[in-house]
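Raw contents of target17.cif, mmCIF, C-alpha atoms:
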data_data
#
loop_
_atom_site.label_atom_id
_atom_site.label_comp_id
_atom_site.auth_asym_id
_atom_site.auth_seq_id
_atom_site.Cartn_x
_atom_site.Cartn_y
_atom_site.Cartn_z
CA ALA W 1 -40.48 168.87 139.33
CA LEU W 2 -37.57 166.84 138.12
CA PRO W 3 -36.17 164.22 140.46
CA ILE W 4 -33.05 165.20 142.37
CA SER W 5 -30.95 162.72 140.43
CA MET W 6 -32.09 164.20 137.15
CA GLU W 7 -31.35 167.65 138.44
CA ILE W 8 -27.85 166.58 139.34
CA MET W 9 -27.31 165.09 135.87
CA HIS W 10 -28.60 168.13 134.09
CA GLY W 11 -27.09 170.55 136.54
CA GLU W 12 -30.10 172.75 136.31
CA GLY W 13 -30.69 172.93 140.02
CA PHE W 14 -27.17 174.21 140.78
CA LYS W 15 -26.98 176.97 138.28
CA ASN W 16 -27.00 180.46 139.89
CA ASP W 17 -27.31 178.80 143.30
CA PRO W 18 -25.21 180.89 145.72
CA SER W 19 -25.02 177.96 148.23
CA VAL W 20 -23.11 175.70 145.79
CA PRO W 21 -19.40 176.41 145.43
CA SER W 22 -18.25 177.33 141.98
CA GLY W 23 -15.81 174.40 141.80
CA MET W 24 -18.56 171.92 142.61
CA GLU W 25 -20.84 173.57 140.07
CA ASN W 26 -18.21 173.15 137.33
CA LEU W 27 -17.63 169.56 138.33
CA LEU W 28 -21.30 168.68 138.19
CA THR W 29 -22.16 170.64 135.09
CA ALA W 30 -19.08 169.76 132.99
CA PRO W 31 -19.70 167.29 130.10
CA LEU W 32 -18.67 163.66 130.71
CA VAL W 33 -15.45 162.70 128.83
CA ARG W 34 -14.35 159.04 128.42
CA GLY W 35 -10.64 158.63 129.10
CA GLU W 36 -8.74 156.77 126.34
CA GLU W 37 -5.49 156.39 128.24
CA GLU W 38 -5.15 154.08 131.16
CA SER W 39 -4.10 155.19 134.55
CA GLU W 40 -0.43 154.98 135.51
CA PRO W 41 -0.81 152.04 137.99
CA ASP W 42 -2.55 149.94 135.32
CA LEU W 43 0.22 150.64 132.87
CA ILE W 44 2.89 149.56 135.35
CA ILE W 45 1.10 146.27 136.09
CA ARG W 46 0.55 145.43 132.40
CA SER W 47 4.16 146.33 131.56
CA LYS W 48 5.45 143.92 134.20
CA CYS W 49 3.24 141.14 132.91
CA ARG W 50 4.47 141.69 129.37
CA ARG W 51 8.10 141.57 130.46
CA LEU W 52 7.44 138.36 132.34
CA PHE W 53 6.07 136.42 129.37
CA ARG W 54 8.00 138.13 126.58
CA SER W 55 10.95 136.50 124.80
CA PRO W 56 13.97 138.81 124.35
CA SER W 57 13.78 138.28 120.59
CA MET W 58 10.09 139.27 120.38
CA PRO W 59 8.83 142.77 119.82
CA SER W 60 7.66 144.56 122.95
CA ARG W 61 4.04 144.55 121.79
CA VAL W 62 3.90 140.81 121.19
CA ILE W 63 2.83 138.91 124.29
CA ARG W 64 3.95 135.29 124.23
CA PRO W 65 1.10 132.98 125.17
CA ILE W 66 1.55 130.44 127.92
CA LEU W 67 1.98 127.00 126.39
CA LYS W 68 0.92 123.98 128.36
CA ARG W 69 3.09 120.91 127.86
CA LEU W 70 1.12 118.00 126.51
CA ASP W 71 1.36 114.68 128.29
CA ARG W 72 3.01 111.96 126.29
CA SER W 73 1.12 108.82 125.64
CA GLU W 74 2.53 105.51 126.76
CA GLU W 75 2.70 104.38 123.14
CA ASP W 76 5.45 106.95 122.49
CA ASN W 77 7.88 105.23 124.85
CA THR W 78 10.12 103.94 122.09
CA PRO W 79 13.91 103.82 121.79
CA VAL W 80 13.74 106.65 119.27
CA LYS W 81 14.02 109.97 121.04
CA THR W 82 12.81 113.29 119.65
CA LYS W 83 14.23 116.76 119.80
CA ARG W 84 11.71 119.60 119.81
CA ARG W 85 12.71 122.96 118.36
CA LYS W 86 10.41 125.94 118.51
CA SER W 87 10.58 128.80 116.03
CA LEU W 88 8.60 132.02 115.71
CA ARG W 89 7.22 133.32 112.49
CA GLY W 90 5.58 136.63 113.30
CA ASP W 91 2.86 135.90 115.83
CA ALA W 92 2.51 132.24 114.85
CA ILE W 93 4.45 129.59 116.78
CA THR W 94 5.47 126.42 115.02
CA GLU W 95 7.11 123.32 116.46
CA LYS W 96 9.62 121.12 114.62
CA VAL W 97 10.14 117.52 115.64
CA GLU W 98 13.34 115.75 114.67
CA LYS W 99 13.91 112.08 115.29
CA GLU W 100 17.21 111.00 116.78
CA GLU W 101 18.35 107.46 116.19
CA PRO W 102 19.37 105.58 119.33
CA LYS W 103 23.12 105.65 119.88
CA PRO W 104 24.89 102.27 119.91
CA ARG W 105 25.82 101.10 123.36
CA MET W 106 29.55 101.12 123.86
CA CYS W 107 30.87 98.10 125.75
CA ARG W 108 34.33 97.36 126.98
CA SER W 109 35.95 94.80 124.79
CA LYS W 110 37.07 91.70 126.46
CA SER W 111 40.71 91.10 126.07
CA LEU W 112 42.67 87.99 127.14
CA CYS W 113 45.67 88.24 129.39
CA HIS W 114 49.06 86.81 128.49
CA ASP W 115 48.61 83.63 130.55
CA GLU W 116 45.21 82.91 128.98
CA ILE W 117 46.62 83.25 125.47
CA GLU W 118 49.48 80.92 126.36
CA ASN W 119 47.09 78.33 127.79
CA ILE W 120 44.86 78.45 124.70
CA LEU W 121 47.79 78.04 122.34
CA ASP W 122 49.35 75.26 124.43
CA ASP W 123 46.02 73.39 124.23
CA ASP W 124 45.81 73.84 120.47
CA GLN W 125 44.52 70.62 118.88
CA ARG W 126 46.92 71.02 115.98
CA GLU W 127 49.80 69.95 118.28
CA LEU W 128 52.13 72.85 117.57
CA ILE W 129 55.55 73.06 119.16
CA GLY W 130 56.31 75.64 121.86
CA ASP W 131 56.92 78.63 119.56
CA PHE W 132 53.91 77.73 117.35
CA THR W 133 55.96 77.74 114.16
CA LYS W 134 55.33 74.12 113.14
CA ALA W 135 53.83 70.85 114.27
CA TYR W 136 55.59 68.25 116.38
CA LEU W 137 57.78 66.02 114.25
CA LEU W 138 57.67 62.82 116.31
CA LYS W 139 54.49 60.89 116.91
CA THR W 140 53.39 61.31 120.53
CA ILE W 141 51.31 59.20 122.89
CA GLU W 142 49.48 59.84 126.14
CA GLY W 143 51.46 59.83 129.36
CA LYS W 144 51.19 60.54 133.05
CA HIS W 145 51.45 64.33 132.62
CA GLN W 146 48.93 65.68 130.14
CA ASP W 147 50.86 68.89 129.43
CA LEU W 148 53.94 67.01 128.18
CA LYS W 149 54.62 65.09 124.96
CA TYR W 150 55.61 61.42 125.31
CA ILE W 151 57.25 59.17 122.76
CA THR W 152 57.65 55.36 122.79
CA PRO W 153 60.99 53.51 122.99
CA GLU W 154 60.41 52.53 119.35
CA MET W 155 60.19 56.19 118.33
CA MET W 156 63.36 56.91 120.27
CA MET W 157 65.12 54.12 118.39
CA ALA W 158 63.95 55.56 115.07
CA VAL W 159 65.53 58.89 115.97
CA LEU W 160 68.82 57.19 116.99
CA ASN W 161 68.89 55.27 113.70
CA GLY W 162 68.71 58.50 111.72
CA LYS W 163 65.19 58.15 110.35
CA PHE W 164 64.60 61.90 110.79
CA LYS W 165 68.11 63.16 109.98
CA SER W 166 66.80 65.20 107.03
CA LEU W 167 64.67 67.20 109.46
CA VAL W 168 66.58 66.99 112.76
CA GLU W 169 70.04 68.54 112.98
CA ARG W 170 70.65 67.49 116.57
CA CYS W 171 68.83 65.37 119.14
CA VAL W 172 69.91 65.90 122.77
CA ILE W 173 69.01 63.05 125.16
CA ILE W 174 69.03 64.28 128.76
CA ASP W 175 69.36 61.58 131.42
CA CYS W 176 68.02 63.07 134.67
CA ARG W 177 69.04 60.16 136.91
CA TYR W 178 71.69 60.28 139.57
CA PRO W 179 75.30 59.74 138.41
CA TYR W 180 75.55 56.23 139.83
CA GLU W 181 72.40 55.24 137.87
CA TYR W 182 73.85 56.74 134.71
CA GLU W 183 77.14 54.89 135.15
CA GLY W 184 75.24 51.63 135.66
CA GLY W 185 73.79 51.90 132.16
CA HIS W 186 72.54 54.65 129.83
CA ILE W 187 71.46 55.33 126.25
CA LYS W 188 74.35 55.99 123.89
CA GLY W 189 74.98 59.69 123.47
CA ALA W 190 72.80 60.71 126.47
CA VAL W 191 74.00 63.58 128.68
CA ASN W 192 73.74 63.12 132.47
CA LEU W 193 72.21 66.29 133.97
CA PRO W 194 70.62 65.39 137.30
CA MET W 195 70.45 68.90 138.80
CA GLU W 196 68.60 71.98 137.56
CA GLN W 197 71.78 74.03 137.64
CA ASP W 198 73.47 71.43 135.44
CA VAL W 199 70.70 71.70 132.87
CA GLU W 200 70.71 75.50 132.94
CA ASP W 201 74.47 75.67 132.45
CA PHE W 202 74.44 73.15 129.61
CA LEU W 203 71.43 74.49 127.66
CA MET W 204 70.93 78.15 128.56
CA LYS W 205 74.36 79.72 128.86
CA LYS W 206 75.13 78.87 125.26
CA PRO W 207 71.93 77.75 123.51
CA ILE W 208 72.22 75.07 120.84
CA VAL W 209 71.19 76.71 117.57
CA PRO W 210 70.81 74.73 114.31
CA VAL W 211 73.17 75.74 111.54
CA ASN W 212 70.48 74.98 109.01
CA LEU W 213 67.41 76.96 110.10
CA ASP W 214 65.17 74.55 108.19
CA LYS W 215 66.16 71.77 110.57
CA ARG W 216 65.32 71.24 114.23
CA VAL W 217 67.01 70.76 117.56
CA ILE W 218 64.93 68.45 119.75
CA LEU W 219 65.37 67.52 123.43
CA ILE W 220 64.31 64.16 124.90
CA PHE W 221 64.19 63.81 128.71
CA HIS W 222 64.06 60.63 130.72
CA CYS W 223 64.86 59.20 134.13
CA GLU W 224 64.53 55.62 135.43
CA PHE W 225 60.75 55.46 134.89
CA SER W 226 60.12 58.96 133.41
CA SER W 227 57.60 59.46 136.15
CA GLU W 228 58.87 62.50 138.11
CA ARG W 229 62.48 63.59 137.59
CA GLY W 230 62.40 63.64 133.79
CA PRO W 231 59.07 65.50 133.49
CA ARG W 232 60.10 67.96 136.20
CA MET W 233 63.33 68.80 134.40
CA CYS W 234 61.45 69.19 131.11
CA ARG W 235 59.15 71.79 132.68
CA PHE W 236 62.13 73.58 134.22
CA VAL W 237 63.79 73.97 130.82
CA ARG W 238 60.59 75.36 129.27
CA GLU W 239 60.18 77.83 132.14
CA LYS W 240 63.75 79.13 131.87
CA ASP W 241 63.48 79.28 128.11
CA ARG W 242 60.38 81.46 128.36
CA MET W 243 62.19 83.81 130.70
CA CYS W 244 65.11 84.20 128.30
CA ASN W 245 63.02 84.97 125.22
CA GLU W 246 60.25 87.26 124.12
CA TYR W 247 57.02 85.29 123.90
CA PRO W 248 56.49 83.02 122.01
CA SER W 249 60.09 82.59 120.81
CA LEU W 250 62.10 79.73 122.36
CA HIS W 251 65.57 78.25 122.05
CA TYR W 252 64.12 74.76 122.46
CA PRO W 253 60.50 74.69 121.29
CA GLU W 254 60.34 70.91 120.77
CA LEU W 255 60.58 68.83 123.97
CA TYR W 256 59.71 65.14 124.50
CA ILE W 257 59.59 62.60 127.34
CA LEU W 258 60.68 58.98 126.83
CA LYS W 259 57.71 57.04 128.20
CA GLY W 260 58.73 54.25 130.60
CA GLY W 261 62.21 55.73 130.98
CA TYR W 262 65.39 53.73 130.82
CA LYS W 263 63.57 50.88 132.54
CA ASP W 264 61.47 50.18 129.41
CA PHE W 265 64.06 51.15 126.80
CA PHE W 266 66.94 48.89 127.90
CA PRO W 267 65.20 45.48 127.53
CA LYS W 268 64.02 46.32 123.98
CA PHE W 269 67.09 48.07 122.57
CA GLN W 270 70.02 46.89 124.59
CA VAL W 271 72.40 47.38 121.66
CA GLN W 272 71.80 51.16 121.91
CA CYS W 273 72.79 51.19 125.60
CA GLU W 274 76.18 51.20 127.27
CA PRO W 275 77.34 49.20 128.97
CA GLN W 276 75.12 46.54 127.44
CA ASP W 277 75.27 44.34 130.52
CA ARG W 278 73.41 46.55 132.96
CA LYS W 279 74.78 46.62 136.48
CA SER W 280 72.27 46.67 139.31
#
Rewritten as structure tokens:
Amino acid sequence: ALPISMEIMHGEGFKNDPSVPSGMENLLTAPLVRGEEESEPDLIIRSKCRRLFRSPSMPSRVIRPILKRLDRSEEDNTPVKTKRRKSLRGDAITEKVEKEEPKPRMCRSKSLCHDEIENILDDDQRELIGDFTKAYLLKTIEGKHQDLKYITPEMMMAVLNGKFKSLVERCVIIDCRYPYEYEGGHIKGAVNLPMEQDVEDFLMKKPIVPVNLDKRVILIFHCEFSSERGPRMCRFVREKDRMCNEYPSLHYPELYILKGGYKDFFPKFQVQCEPQDRKS
């Protein structure tokens, strides 16, 4: 006799058996058929997976593979950066690498302020006058105040004698001493302006302008020793002049200090002083 399992496979033992239901008999005796289509749950799961890994530009049947990003080696840490662009050609995936040159680093330019420019120009070794148009005409020497230009009594005498008349249209000598000192003795042609207001009224209200623009107007300040009052008044004039003009223009760009003041000038050039017999 055939084994029970073989009987089930062949279905011989269930044929014409009244105890076996007809539906069971058909189920057991029907030929085995291999299903080509997948069940509905499997289709739903696979469809979701495809939508998850599919690019919108790819056909529905193309499943995009999962790409693992490669680790960069330490040798690739260079200033040159790369841009990676991926393109699809059918099912094949290619990768384009473009090199991008490093961008220049933008830095804020350093600009100098107005005061710094003025200080640099005032310290110019070429010894330019205050508006920087030309060099100082008279030879200068060192004095107590490094920011001012000093001349010797001999240079003052050369100016009074007309040595520079072809270049100087007018020379204004400003005596900054008190009136009683001025009356006791002063340089011929000097103007007594002891107060700042006096200087401002005399020089700034109606500036002295040369008729011949090729010539100069120079100012020479002094006091008894040219130690404090003369230099202070010289600085005051330059300050007011800057305020009245657009930088670097000036009404009086060429200023000097008589070194030693009237004290040193009188013994050497008494003939240029009045009165010539100085009163103490």
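On the file presented, the PyMOL selection byres ((chain W and resi 218) around 10) picks out Tyr136, Leu137, Leu138, Val168, Glu169, Arg170, Cys171, Val172, Ile173, Ile208, Lys215, Arg216, Val217, Leu219, Ile220, Tyr252, Pro253, Glu254, Leu255 and Tyr256 of chain W.
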Residue members of the PyMOL selection byres ((chain W and resi 180-187) around 12) in the file shown, as a ChimeraX atom specification: /W:153,156-157,160,172-179,188-194,220-224,258,261-280
task: Given the file shown, enumerate the residues that the PyMOL selection byres ((chain W and resi 227) around 9) captures and present them as a PyMOL selection string.
output: chain W and resi 144-145+222-226+228-232+259-261
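Comparing W:Leu167, W:Val237, W:Ala158, W:Leu250 by their smallest distance to Leu213 in chain W, the closest is W:Leu167 (using all atoms listed in the file).
The gap separating CA of Ile151 in chain W from CA of Lys165 in chain W is 17.2 Å, in Å to one decimal.
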- request: Grab the CA of Leu203 in chain W to CA of Met233 in chain W distance for me, in Å with one decimal place.
  value: 12.0 Å
- request: Find the residues around Arg242 in chain W up to 12 Å (only C-alpha atoms counted), leave out those fewer than 6 positions away in its own chain, and share them as a PyMOL selection string.
  value: chain W and resi 118+130-131+204+235-236+248-253
Can you write out the residues you just picked, keeping C-alpha atoms, as an mmCIF file, keeping the file's coordinate frame?
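As written to disk, result_35.cif reads:
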data_model
loop_
_atom_site.group_PDB
_atom_site.id
_atom_site.type_symbol
_atom_site.label_atom_id
_atom_site.label_comp_id
_atom_site.auth_asym_id
_atom_site.auth_seq_id
_atom_site.Cartn_x
_atom_site.Cartn_y
_atom_site.Cartn_z
ATOM 1 C CA GLU W 118 49.480 80.920 126.360
ATOM 2 C CA GLY W 130 56.310 75.640 121.860
ATOM 3 C CA ASP W 131 56.920 78.630 119.560
ATOM 4 C CA MET W 204 70.930 78.150 128.560
ATOM 5 C CA ARG W 235 59.150 71.790 132.680
ATOM 6 C CA PHE W 236 62.130 73.580 134.220
ATOM 7 C CA PRO W 248 56.490 83.020 122.010
ATOM 8 C CA SER W 249 60.090 82.590 120.810
ATOM 9 C CA LEU W 250 62.100 79.730 122.360
ATOM 10 C CA HIS W 251 65.570 78.250 122.050
ATOM 11 C CA TYR W 252 64.120 74.760 122.460
ATOM 12 C CA PRO W 253 60.500 74.690 121.290
#
message: For a test of reading the model, state the distance in Å between CA of Lys240 in chain W and CA of Pro207 in chain W, rounded to one decimal.
response: 11.8 Å
